[in-house]
$ cat start-v6.cif   # mmCIF, C-alpha atoms
data_start
#
loop_
_atom_site.label_atom_id
_atom_site.label_comp_id
_atom_site.auth_asym_id
_atom_site.auth_seq_id
_atom_site.Cartn_x
_atom_site.Cartn_y
_atom_site.Cartn_z
CA MET A 1 32.84 -38.52 10.50
CA LYS A 2 29.12 -38.33 11.03
CA ARG A 3 26.92 -35.75 9.39
CA GLY A 4 27.05 -32.51 11.36
CA LEU A 5 24.56 -30.65 13.50
CA ARG A 6 24.47 -26.90 13.04
CA ARG A 7 22.86 -24.09 14.96
CA CYS A 8 19.86 -22.64 13.15
CA SER A 9 20.08 -18.91 12.53
CA GLY A 10 16.82 -18.26 14.36
CA ASP A 11 17.95 -19.93 17.59
CA TYR A 12 20.06 -18.14 20.16
CA MET A 13 22.40 -20.56 21.86
CA PRO A 14 24.58 -18.78 24.44
CA PRO A 15 27.04 -20.62 26.63
CA LYS A 16 25.40 -22.90 29.21
CA CYS A 17 22.03 -22.85 27.44
CA PRO A 18 20.97 -26.47 27.02
CA HIS A 19 19.08 -28.14 24.28
CA VAL A 20 17.17 -30.98 25.87
CA GLN A 21 16.49 -34.17 23.99
CA LYS A 22 13.65 -35.63 26.05
CA ALA A 23 14.49 -39.29 25.73
CA PRO A 24 16.61 -41.62 23.68
CA ALA A 25 15.08 -43.39 20.74
CA PHE A 26 16.13 -46.49 22.66
CA GLY A 27 17.89 -46.97 25.94
CA THR A 28 18.94 -49.72 28.26
CA SER A 29 20.59 -49.87 31.63
CA LYS A 30 23.71 -51.99 31.96
CA LYS A 31 22.76 -53.60 35.25
CA GLU A 32 22.19 -56.84 33.37
CA GLU A 33 25.84 -56.79 32.35
CA ALA A 34 27.01 -56.15 35.89
CA VAL A 35 25.09 -58.84 37.75
CA GLY A 36 27.57 -61.23 39.32
CA LEU A 37 30.55 -59.28 37.99
CA ARG A 38 30.85 -56.11 40.04
CA PRO A 39 30.40 -55.85 43.80
CA ASP A 40 29.49 -52.19 43.29
CA ALA A 41 26.82 -52.74 40.65
CA VAL A 42 23.31 -51.50 41.40
CA ALA A 43 19.97 -51.70 39.67
CA SER A 44 18.46 -48.77 37.85
CA CYS A 45 15.05 -48.20 36.31
CA ASP A 46 14.75 -50.55 33.35
CA HIS A 47 13.27 -47.75 31.25
CA CYS A 48 14.71 -44.33 32.18
CA MET A 49 17.86 -45.66 33.94
CA ARG A 50 17.27 -43.61 37.10
CA SER A 51 19.07 -45.14 40.08
CA LEU A 52 16.78 -47.15 42.35
CA GLU A 53 19.03 -46.57 45.38
CA THR A 54 18.62 -43.60 47.67
CA ALA A 55 21.65 -41.34 48.01
CA GLU A 56 22.32 -42.75 51.48
CA GLU A 57 22.13 -46.35 50.26
CA ASN A 58 24.43 -45.42 47.39
CA ALA A 59 26.96 -43.77 49.73
CA ARG A 60 26.89 -46.70 52.18
CA ARG A 61 27.54 -49.26 49.46
CA LEU A 62 30.28 -47.32 47.69
CA SER A 63 32.10 -46.32 50.90
CA GLY A 64 31.74 -49.72 52.58
CA LYS A 65 30.17 -48.03 55.63
CA PRO A 66 26.76 -49.64 56.28
CA LEU A 67 25.90 -47.26 59.13
CA LEU A 68 26.72 -44.02 57.30
CA VAL A 69 24.07 -41.30 57.66
CA LEU A 70 23.92 -38.46 55.14
CA PRO A 71 22.97 -35.00 56.36
CA HIS A 72 20.21 -33.13 54.54
CA PRO A 73 18.32 -36.26 53.41
CA GLU A 74 15.69 -34.01 51.81
CA GLN A 75 18.19 -33.40 48.98
CA CYS A 76 17.82 -37.00 47.82
CA THR A 77 15.55 -37.18 44.76
CA ILE A 78 14.81 -40.93 44.92
CA ARG A 79 11.30 -41.85 46.06
CA LYS A 80 11.25 -45.59 46.70
CA GLU A 81 7.53 -45.54 47.41
CA HIS A 82 6.99 -44.81 43.70
CA HIS A 83 8.96 -47.82 42.47
CA GLN A 84 7.02 -50.37 40.45
CA ALA A 85 7.80 -53.93 39.39
CA CYS A 86 6.48 -55.78 36.38
CA PRO A 87 4.01 -58.24 37.95
CA GLN A 88 5.13 -60.99 35.58
CA CYS A 89 8.96 -60.80 35.52
CA GLN A 90 9.65 -58.41 38.46
CA VAL A 91 11.78 -56.02 36.37
CA MET A 92 11.93 -52.77 38.35
CA TYR A 93 10.92 -49.27 37.31
CA CYS A 94 11.22 -45.97 39.17
CA SER A 95 7.56 -45.09 38.60
CA MET A 96 4.26 -46.25 37.18
CA GLU A 97 4.87 -43.92 34.22
CA CYS A 98 8.10 -45.69 33.28
CA ARG A 99 6.54 -49.10 33.72
CA GLN A 100 3.65 -48.17 31.44
CA ALA A 101 5.94 -46.55 28.84
CA ALA A 102 8.09 -49.68 28.66
CA LEU A 103 5.02 -51.92 28.43
CA GLU A 104 3.61 -49.92 25.54
CA GLN A 105 6.89 -49.75 23.59
CA TYR A 106 8.78 -53.05 23.99
CA HIS A 107 8.32 -54.90 27.28
CA ARG A 108 5.51 -57.18 26.13
CA VAL A 109 8.06 -58.85 23.87
CA LEU A 110 10.95 -58.88 26.35
CA CYS A 111 9.02 -59.84 29.49
CA LEU A 112 10.33 -63.19 30.69
CA GLY A 113 7.45 -63.86 33.07
CA PRO A 114 8.02 -67.03 35.13
CA SER A 115 11.11 -67.81 33.00
CA LYS A 116 13.10 -64.87 34.41
CA ASP A 117 15.41 -67.25 36.32
CA ASP A 118 15.49 -69.99 33.68
CA PRO A 119 19.07 -70.16 32.29
CA LYS A 120 17.76 -71.97 29.20
CA HIS A 121 15.44 -69.14 28.13
CA PRO A 122 16.79 -67.62 24.87
CA LEU A 123 16.96 -64.08 26.28
CA ASN A 124 18.78 -65.26 29.41
CA LYS A 125 21.22 -67.24 27.28
CA LEU A 126 21.81 -64.16 25.13
CA GLN A 127 22.57 -61.96 28.14
CA GLU A 128 24.81 -64.59 29.72
CA ALA A 129 26.81 -64.95 26.50
CA TRP A 130 27.19 -61.16 26.29
CA ARG A 131 28.44 -60.93 29.86
CA GLY A 132 31.12 -63.47 29.03
CA MET A 133 32.46 -61.81 25.91
CA HIS A 134 31.89 -58.06 25.70
CA TYR A 135 35.00 -55.95 25.32
CA HIS A 136 35.80 -53.05 27.66
CA PRO A 137 35.17 -50.19 27.56
CA GLU A 138 31.48 -50.99 27.45
CA THR A 139 30.29 -49.10 24.38
CA SER A 140 27.51 -51.43 23.32
CA SER A 141 24.77 -53.34 25.07
CA ILE A 142 23.15 -56.42 23.61
CA MET A 143 19.88 -55.52 25.32
CA LEU A 144 19.81 -52.21 23.50
CA LEU A 145 19.69 -54.22 20.28
CA ALA A 146 16.99 -56.39 21.81
CA LYS A 147 14.86 -53.35 22.65
CA ILE A 148 15.20 -52.11 19.07
CA VAL A 149 13.89 -55.37 17.65
CA ALA A 150 11.26 -55.76 20.39
CA THR A 151 9.84 -52.35 19.53
CA ILE A 152 9.51 -53.29 15.86
CA LYS A 153 7.85 -56.58 16.84
CA GLN A 154 5.44 -54.92 19.25
CA VAL A 155 4.31 -51.81 17.37
CA GLU A 156 1.31 -51.92 15.10
CA ALA A 157 1.91 -52.37 11.38
CA LYS A 158 1.01 -48.73 10.67
CA ASP A 159 3.86 -47.55 12.93
CA LYS A 160 6.52 -49.93 11.61
CA GLY A 161 7.68 -47.53 8.88
CA TRP A 162 8.11 -44.69 11.36
CA TRP A 163 10.41 -46.73 13.58
CA GLN A 164 12.42 -48.10 10.67
CA ASN A 165 12.85 -44.57 9.31
CA LEU A 166 14.17 -43.61 12.72
CA PHE A 167 17.15 -45.93 12.25
CA SER A 168 17.96 -44.40 8.88
CA GLN A 169 18.68 -41.13 10.69
CA PHE A 170 21.65 -42.72 12.42
CA CYS A 171 24.87 -42.89 10.44
CA SER A 172 25.70 -45.98 8.41
CA ARG A 173 29.14 -47.40 7.68
CA THR A 174 30.80 -49.72 5.23
CA ALA A 175 31.07 -53.46 5.83
CA ASN A 176 34.78 -53.13 6.64
CA GLU A 177 34.08 -50.41 9.20
CA ASP A 178 31.34 -52.56 10.75
CA GLU A 179 33.89 -55.35 11.16
CA GLU A 180 36.38 -52.98 12.78
CA ILE A 181 33.76 -51.77 15.27
CA ALA A 182 32.74 -55.34 16.12
CA HIS A 183 36.42 -56.22 16.58
CA LYS A 184 36.88 -53.29 18.94
CA LEU A 185 33.86 -54.27 21.01
CA LEU A 186 34.50 -58.00 21.19
CA GLY A 187 38.25 -58.46 20.85
CA ASP A 188 40.33 -60.72 18.65
CA LYS A 189 37.77 -63.53 18.54
CA PHE A 190 35.03 -61.19 17.36
CA LYS A 191 33.93 -63.14 14.27
CA GLY A 192 33.12 -66.31 16.18
CA GLN A 193 31.62 -64.35 19.06
CA LEU A 194 29.49 -62.21 16.76
CA GLU A 195 28.13 -65.33 15.05
CA LEU A 196 27.31 -66.85 18.45
CA LEU A 197 25.48 -63.67 19.47
CA ARG A 198 23.60 -63.61 16.17
CA GLY A 199 22.41 -67.19 16.69
CA LEU A 200 21.20 -66.49 20.21
CA PHE A 201 19.69 -63.17 19.13
CA SER A 202 17.76 -64.89 16.34
CA ALA A 203 16.52 -67.65 18.65
CA ALA A 204 15.21 -65.05 21.09
CA LEU A 205 13.80 -62.35 18.81
CA TYR A 206 13.59 -63.33 15.12
CA ASP A 207 10.91 -61.47 13.16
CA ASP A 208 10.16 -61.70 9.44
CA ARG A 209 9.49 -57.96 9.25
CA VAL A 210 13.15 -57.19 9.98
CA SER A 211 14.69 -60.45 8.75
CA LYS A 212 17.66 -58.57 7.25
CA TRP A 213 18.86 -57.72 10.77
CA PHE A 214 19.32 -61.41 11.50
CA THR A 215 21.59 -62.14 8.55
CA PRO A 216 25.36 -62.10 9.26
CA GLU A 217 25.78 -58.78 7.44
CA GLY A 218 22.63 -57.21 8.90
CA PHE A 219 23.41 -58.19 12.48
CA ARG A 220 26.95 -56.88 12.16
CA ALA A 221 25.60 -53.57 10.85
CA LEU A 222 23.04 -53.35 13.67
CA PHE A 223 25.75 -54.14 16.20
CA ALA A 224 28.02 -51.47 14.69
CA LEU A 225 25.15 -48.94 14.66
CA VAL A 226 24.86 -49.17 18.43
CA GLY A 227 28.64 -49.27 18.86
CA THR A 228 29.03 -46.10 16.78
CA ASN A 229 26.04 -44.07 17.95
CA GLY A 230 25.41 -45.40 21.43
CA GLN A 231 25.67 -42.69 24.08
CA GLY A 232 26.79 -43.76 27.53
CA VAL A 233 24.32 -42.74 30.23
CA GLY A 234 25.51 -42.32 33.81
CA THR A 235 23.07 -41.76 36.67
CA SER A 236 23.80 -41.39 40.37
CA SER A 237 21.51 -40.60 43.28
CA LEU A 238 24.57 -39.61 45.33
CA SER A 239 25.69 -37.09 42.72
CA GLN A 240 22.19 -35.59 42.74
CA TRP A 241 22.35 -35.30 46.52
CA VAL A 242 25.75 -33.58 46.37
CA HIS A 243 24.44 -31.19 43.72
CA GLY A 244 21.48 -30.35 45.95
CA CYS A 245 23.75 -29.80 48.96
CA ASP A 246 25.96 -27.46 46.93
CA ALA A 247 22.93 -25.25 46.25
CA LEU A 248 21.94 -24.94 49.93
CA ASP A 249 22.17 -21.49 51.52
CA LEU A 250 24.16 -22.24 54.66
CA ARG A 251 26.11 -20.28 57.22
CA ALA A 252 29.88 -20.36 56.73
CA GLN A 253 30.49 -22.85 59.56
CA GLU A 254 27.73 -25.19 58.33
CA ARG A 255 29.06 -24.97 54.78
CA ASP A 256 32.58 -25.85 55.93
CA GLN A 257 31.29 -28.85 57.89
CA LEU A 258 29.19 -30.12 54.99
CA ASP A 259 32.01 -29.67 52.47
CA GLY A 260 34.39 -31.50 54.80
CA PHE A 261 31.93 -34.37 55.16
CA ILE A 262 31.55 -34.66 51.39
CA ASP A 263 35.32 -34.47 50.81
CA GLN A 264 35.90 -37.28 53.29
CA LEU A 265 33.12 -39.31 51.66
CA TYR A 266 34.87 -38.97 48.29
CA LYS A 267 38.09 -40.27 49.81
CA ASP A 268 36.33 -43.21 51.45
CA ILE A 269 34.60 -44.13 48.20
CA GLU A 270 37.79 -43.89 46.18
CA LYS A 271 39.59 -46.15 48.66
CA GLU A 272 36.76 -48.71 48.84
CA THR A 273 35.34 -48.75 45.32
CA GLY A 274 37.61 -46.90 42.91
CA GLU A 275 36.32 -45.08 39.89
CA PHE A 276 33.03 -46.92 39.26
CA LEU A 277 30.48 -44.49 40.71
CA ASN A 278 27.36 -44.43 38.57
CA CYS A 279 24.66 -46.70 37.26
CA GLU A 280 25.63 -47.18 33.63
CA GLY A 281 23.46 -47.44 30.56
CA SER A 282 23.44 -46.87 26.84
CA GLY A 283 21.02 -45.02 24.58
CA LEU A 284 20.54 -43.83 21.01
CA TYR A 285 19.84 -40.11 20.58
CA ILE A 286 19.04 -38.73 17.13
CA LEU A 287 20.37 -35.18 17.57
CA GLN A 288 23.35 -36.12 19.71
CA SER A 289 24.39 -38.77 17.18
CA CYS A 290 24.62 -35.99 14.56
CA CYS A 291 27.29 -34.13 16.53
CA ASN A 292 30.80 -34.51 15.17
CA HIS A 293 33.90 -34.55 17.35
CA SER A 294 36.26 -31.70 18.09
CA CYS A 295 39.20 -31.60 20.48
CA MET A 296 37.94 -28.07 21.24
CA PRO A 297 34.18 -28.73 21.55
CA ASN A 298 31.62 -25.94 21.73
CA ALA A 299 29.01 -28.15 23.42
CA GLU A 300 28.85 -31.04 25.87
CA THR A 301 26.34 -33.68 26.85
CA SER A 302 25.14 -34.33 30.39
CA PHE A 303 22.35 -36.04 32.32
CA PRO A 304 21.44 -33.60 35.13
CA ASN A 305 18.03 -35.17 35.80
CA ASN A 306 19.50 -38.48 36.96
CA ASN A 307 17.78 -40.36 34.14
CA PHE A 308 18.06 -40.77 30.36
CA LEU A 309 17.12 -37.13 29.68
CA LEU A 310 20.10 -35.80 27.70
CA HIS A 311 21.11 -32.14 27.82
CA LEU A 312 23.28 -30.73 25.03
CA THR A 313 24.81 -27.58 26.49
CA ALA A 314 26.88 -24.89 24.77
CA VAL A 315 30.25 -24.28 26.43
CA ALA A 316 31.16 -21.42 24.07
CA ASP A 317 29.27 -18.91 21.93
CA ILE A 318 27.90 -20.64 18.82
CA GLU A 319 27.24 -18.46 15.80
CA PRO A 320 24.33 -19.08 13.39
CA GLY A 321 25.37 -21.74 10.87
CA GLU A 322 28.31 -22.88 12.99
CA GLU A 323 28.63 -26.62 13.52
CA ILE A 324 27.86 -27.91 17.00
CA CYS A 325 30.66 -30.24 18.09
CA ILE A 326 31.12 -32.36 21.17
CA SER A 327 34.20 -34.27 22.22
CA TYR A 328 34.44 -38.04 22.06
CA LEU A 329 37.41 -37.73 24.44
CA ASP A 330 37.26 -37.01 28.15
CA CYS A 331 38.85 -33.86 29.56
CA CYS A 332 42.07 -35.69 30.43
CA GLN A 333 42.44 -37.15 26.94
CA ARG A 334 41.84 -33.76 25.32
CA GLU A 335 44.93 -32.39 27.09
CA ARG A 336 47.19 -35.06 25.67
CA SER A 337 49.39 -34.58 22.62
CA ARG A 338 47.90 -34.46 19.14
CA HIS A 339 49.49 -37.82 18.35
CA SER A 340 47.90 -39.44 21.43
CA ARG A 341 44.48 -37.96 20.68
CA GLN A 342 44.61 -39.10 17.07
CA LYS A 343 45.61 -42.59 18.16
CA ILE A 344 42.65 -42.89 20.54
CA LEU A 345 40.19 -41.60 17.94
CA ARG A 346 41.47 -43.89 15.19
CA GLU A 347 41.33 -46.94 17.43
CA ASN A 348 37.91 -46.25 18.89
CA TYR A 349 36.04 -44.23 16.26
CA LEU A 350 37.86 -45.05 13.00
CA PHE A 351 38.62 -41.51 11.84
CA THR A 352 41.46 -38.99 11.83
CA CYS A 353 40.51 -35.74 13.51
CA SER A 354 40.95 -32.50 11.55
CA CYS A 355 39.52 -30.09 14.10
CA PRO A 356 41.16 -26.64 14.51
CA LYS A 357 43.22 -27.80 17.49
CA CYS A 358 44.64 -30.78 15.58
CA LEU A 359 45.38 -28.63 12.52
CA ASP A 360 47.17 -26.05 14.67
CA GLN A 361 49.32 -28.83 16.14
CA ALA A 362 49.96 -30.59 12.81
CA ASP A 363 53.69 -29.83 12.98
CA ASP A 364 54.11 -31.13 16.54
CA PRO A 365 56.37 -34.19 17.00
CA ASP A 366 54.61 -37.54 16.68
CA LEU A 367 55.11 -38.42 20.33
CA THR A 368 52.56 -39.90 22.67
CA SER A 369 51.86 -38.13 25.92
CA GLU A 370 53.60 -40.97 27.75
CA ASP A 371 56.80 -40.25 25.83
CA GLU A 372 56.58 -36.63 26.87
CA ASP A 373 56.13 -37.43 30.59
CA GLU A 374 59.71 -38.26 31.44
CA ASP A 375 60.04 -37.35 35.07
CA ASP A 376 58.24 -38.54 38.18
CA ASP A 377 57.06 -35.07 39.11
CA GLU A 378 54.98 -34.83 35.96
CA ILE A 379 53.56 -38.30 36.52
CA ASP A 380 52.65 -37.44 40.11
CA ALA A 381 51.01 -34.22 38.98
CA GLU A 382 48.94 -36.16 36.45
CA GLY A 383 47.81 -38.51 39.22
CA GLU A 384 46.71 -35.58 41.36
CA THR A 385 44.77 -34.16 38.42
CA GLU A 386 42.97 -37.46 37.90
CA GLU A 387 42.07 -37.56 41.60
CA ALA A 388 40.60 -34.08 41.37
CA GLU A 389 38.66 -35.03 38.25
CA LEU A 390 37.28 -38.08 40.04
CA GLU A 391 35.80 -35.74 42.64
CA ASP A 392 34.41 -33.53 39.88
CA GLU A 393 32.81 -36.58 38.23
CA MET A 394 30.88 -37.35 41.41
CA THR A 395 29.39 -33.86 41.56
CA ASP A 396 28.86 -33.39 37.83
CA VAL A 397 25.77 -35.25 36.65
#

$ encode --input "start-v6.cif" --output "structure tokens"
Amino acid sequence: MKRGLRRCSGDYMPPKCPHVQKAPAFGTSKKEEAVGLRPDAVASCDHCMRSLETAEENARRLSGKPLLVLPHPEQCTIRKEHHQACPQCQVMYCSMECRQAALEQYHRVLCLGPSKDDPKHPLNKLQEAWRGMHYHPETSSIMLLAKIVATIKQVEAKDKGWWQNLFSQFCSRTANEDEEIAHKLLGDKFKGQLELLRGLFSAALYDDRVSKWFTPEGFRALFALVGTNGQGVGTSSLSQWVHGCDALDLRAQERDQLDGFIDQLYKDIEKETGEFLNCEGSGLYILQSCCNHSCMPNAETSFPNNNFLLHLTAVADIEPGEEICISYLDCCQRERSRHSRQKILRENYLFTCSCPKCLDQADDPDLTSEDEDEDDDEIDAEGETEEAELEDEMTDV
């Protein structure tokens, strides 16, 4: 388990009162992993991960209805007139501020310039290799590692120590645990694949100042650091639009019409696209990475601003000195049997949970939730629950 985060005695943290961590130490969108692989993939800001599609464009693509018109277009938060491209490599940003922030932190190193479409460029070869081997679910991004190294390469010598100290605040693991994480991310052929990635990574980004990261052991540890601490970031212009529509003060008839339109849109999207709804990214957050897991969490993370701004929100009263815990499981997984939850956590996070819920259920039979679902009625009910949760996911940013 990671070191814990506790509520300071001087801070009042009632339910639904967020702590906002302004930005990840590093973040990357996963659009580069989706190019050519998903028909529903869409670009997001290369810095803050905000969707670059308007809500209407998003709805048209996901529903397969190119002529769809969304009511209340003023609830869309995307302003395409503010979008900016890097003049050298054409990487897109949602604003001049994001473009400048990326340029000052890491983009000078990562900018491909006229080589952006050259398949022989080391960075392009690295991304292509990653697309061909990464293991689902996507819990690590090779470009997140690239941004880490690019930042160290780009910052002035006087700032190097500050950035390196930043990494020490993330948890470290043993060599065996690093191997297990790499195996989980890459599959059974992970050793050969990891060595291939290391070679391409070194060819693209090697720097004497962090030479240890390019050794077999150092690269595996860096890879595992992101795999362990990386926080998935989901952004959606459509979800923001729905959230804005929910807050509108409408007459009863207008509210019924709007709710019916949105409900039908959900059904159309589910039929056409399935569960992939958001732009996806990955980031490293210092405070969030300190939060341990509980099957009965007292806080949750969210991204209500449709970018990489992470909110850590209390979902129960948290007393002074009490540990702040989030759940590494989704709401469906948390309702499964203790044995099923423990199995998921061991396989994905390499620990055995000893939270109060697991301790209370310690004497329960060692059966998976699948073993307990013996009749079709229960299976059908579970399917209906998942459908309802899919709708919740679209409205919950």

$ closest_residue --input "start-v6.cif" --among "A:Ala299, A:Val69, A:Cys89, A:Ala43" --to "A:His311" --atoms "only C-alpha atoms"
A:Ala299

$ atom_distance --input "start-v6.cif" --atom1 "atom CA of A:Ser302" --atom2 "atom CA of A:Gln257"
28.7 Å

$ closest_residue --input "start-v6.cif" --among "A:Cys295, A:Ser44, A:Gln127, A:Leu222" --to "A:Tyr93" --atoms "only C-alpha atoms"
A:Ser44

$ resolve_selection --input "start-v6.cif" --expression "the PyMOL selection byres ((chain A and resi 83) around 7)" --output "MDAnalysis selection string"
chainID A and resid 80:82 84:85 93:95

$ atom_distance --input "start-v6.cif" --atom1 "atom CA of A:Thr151" --atom2 "atom CA of A:Lys191"
26.9 Å

$ atom_distance --input "start-v6.cif" --atom1 "atom CA of A:Thr273" --atom2 "atom CA of A:Gly260"
19.7 Å

$ residues_near_point --input "start-v6.cif" --point "(33.9, -39.7, 20.8)" --cutoff "10 Å" --atoms "all atoms listed in the file" --output "NGL selection string"
:A and (228-229 or 231 or 291-295 or 326-330 or 344-345 or 348-349)

$ resolve_selection --input "start-v6.cif" --expression "the PyMOL selection byres ((chain A and resi 238-245) around 8)" --output "PyMOL selection string"
chain A and resi 54-56+58-59+72+75-77+236-237+246-248+262+304+306+394-397

$ closest_residue --input "start-v6.cif" --among "A:Lys212, A:Arg346, A:Lys116, A:His339" --to "A:Asp366" --atoms "only C-alpha atoms"
A:His339

$ residues_around --input "start-v6.cif" --residues "A:Val155" --least-positions-apart "5" --cutoff "12 Å" --atoms "all atoms listed in the file" --output "list in words"
Leu103, Glu104, Gln105, Tyr106, His107, Arg108, Val109, Lys147, Ile148, Val149, Ala150, Lys160, Gly161, Trp162, Trp163, Gln164 and Arg209 of chain A

$ closest_residue --input "start-v6.cif" --among "A:Gly281, A:Pro356, A:Pro320, A:Pro66" --to "A:Asp46" --atoms "only C-alpha atoms"
A:Gly281

$ axis_aligned_box --input "start-v6.cif" --around "stretch 215-220 of chain A" --padding-each-side "3 Å" --output "JSON"
{"center_x": 24.3, "center_y": -59.5, "center_z": 10.0, "size_x": 11.4, "size_y": 11.3, "size_z": 11.0}

$ closest_residue --input "start-v6.cif" --among "A:Leu310, A:Ala129, A:Leu110, A:Leu250" --to "A:Leu205" --atoms "all atoms listed in the file"
A:Leu110
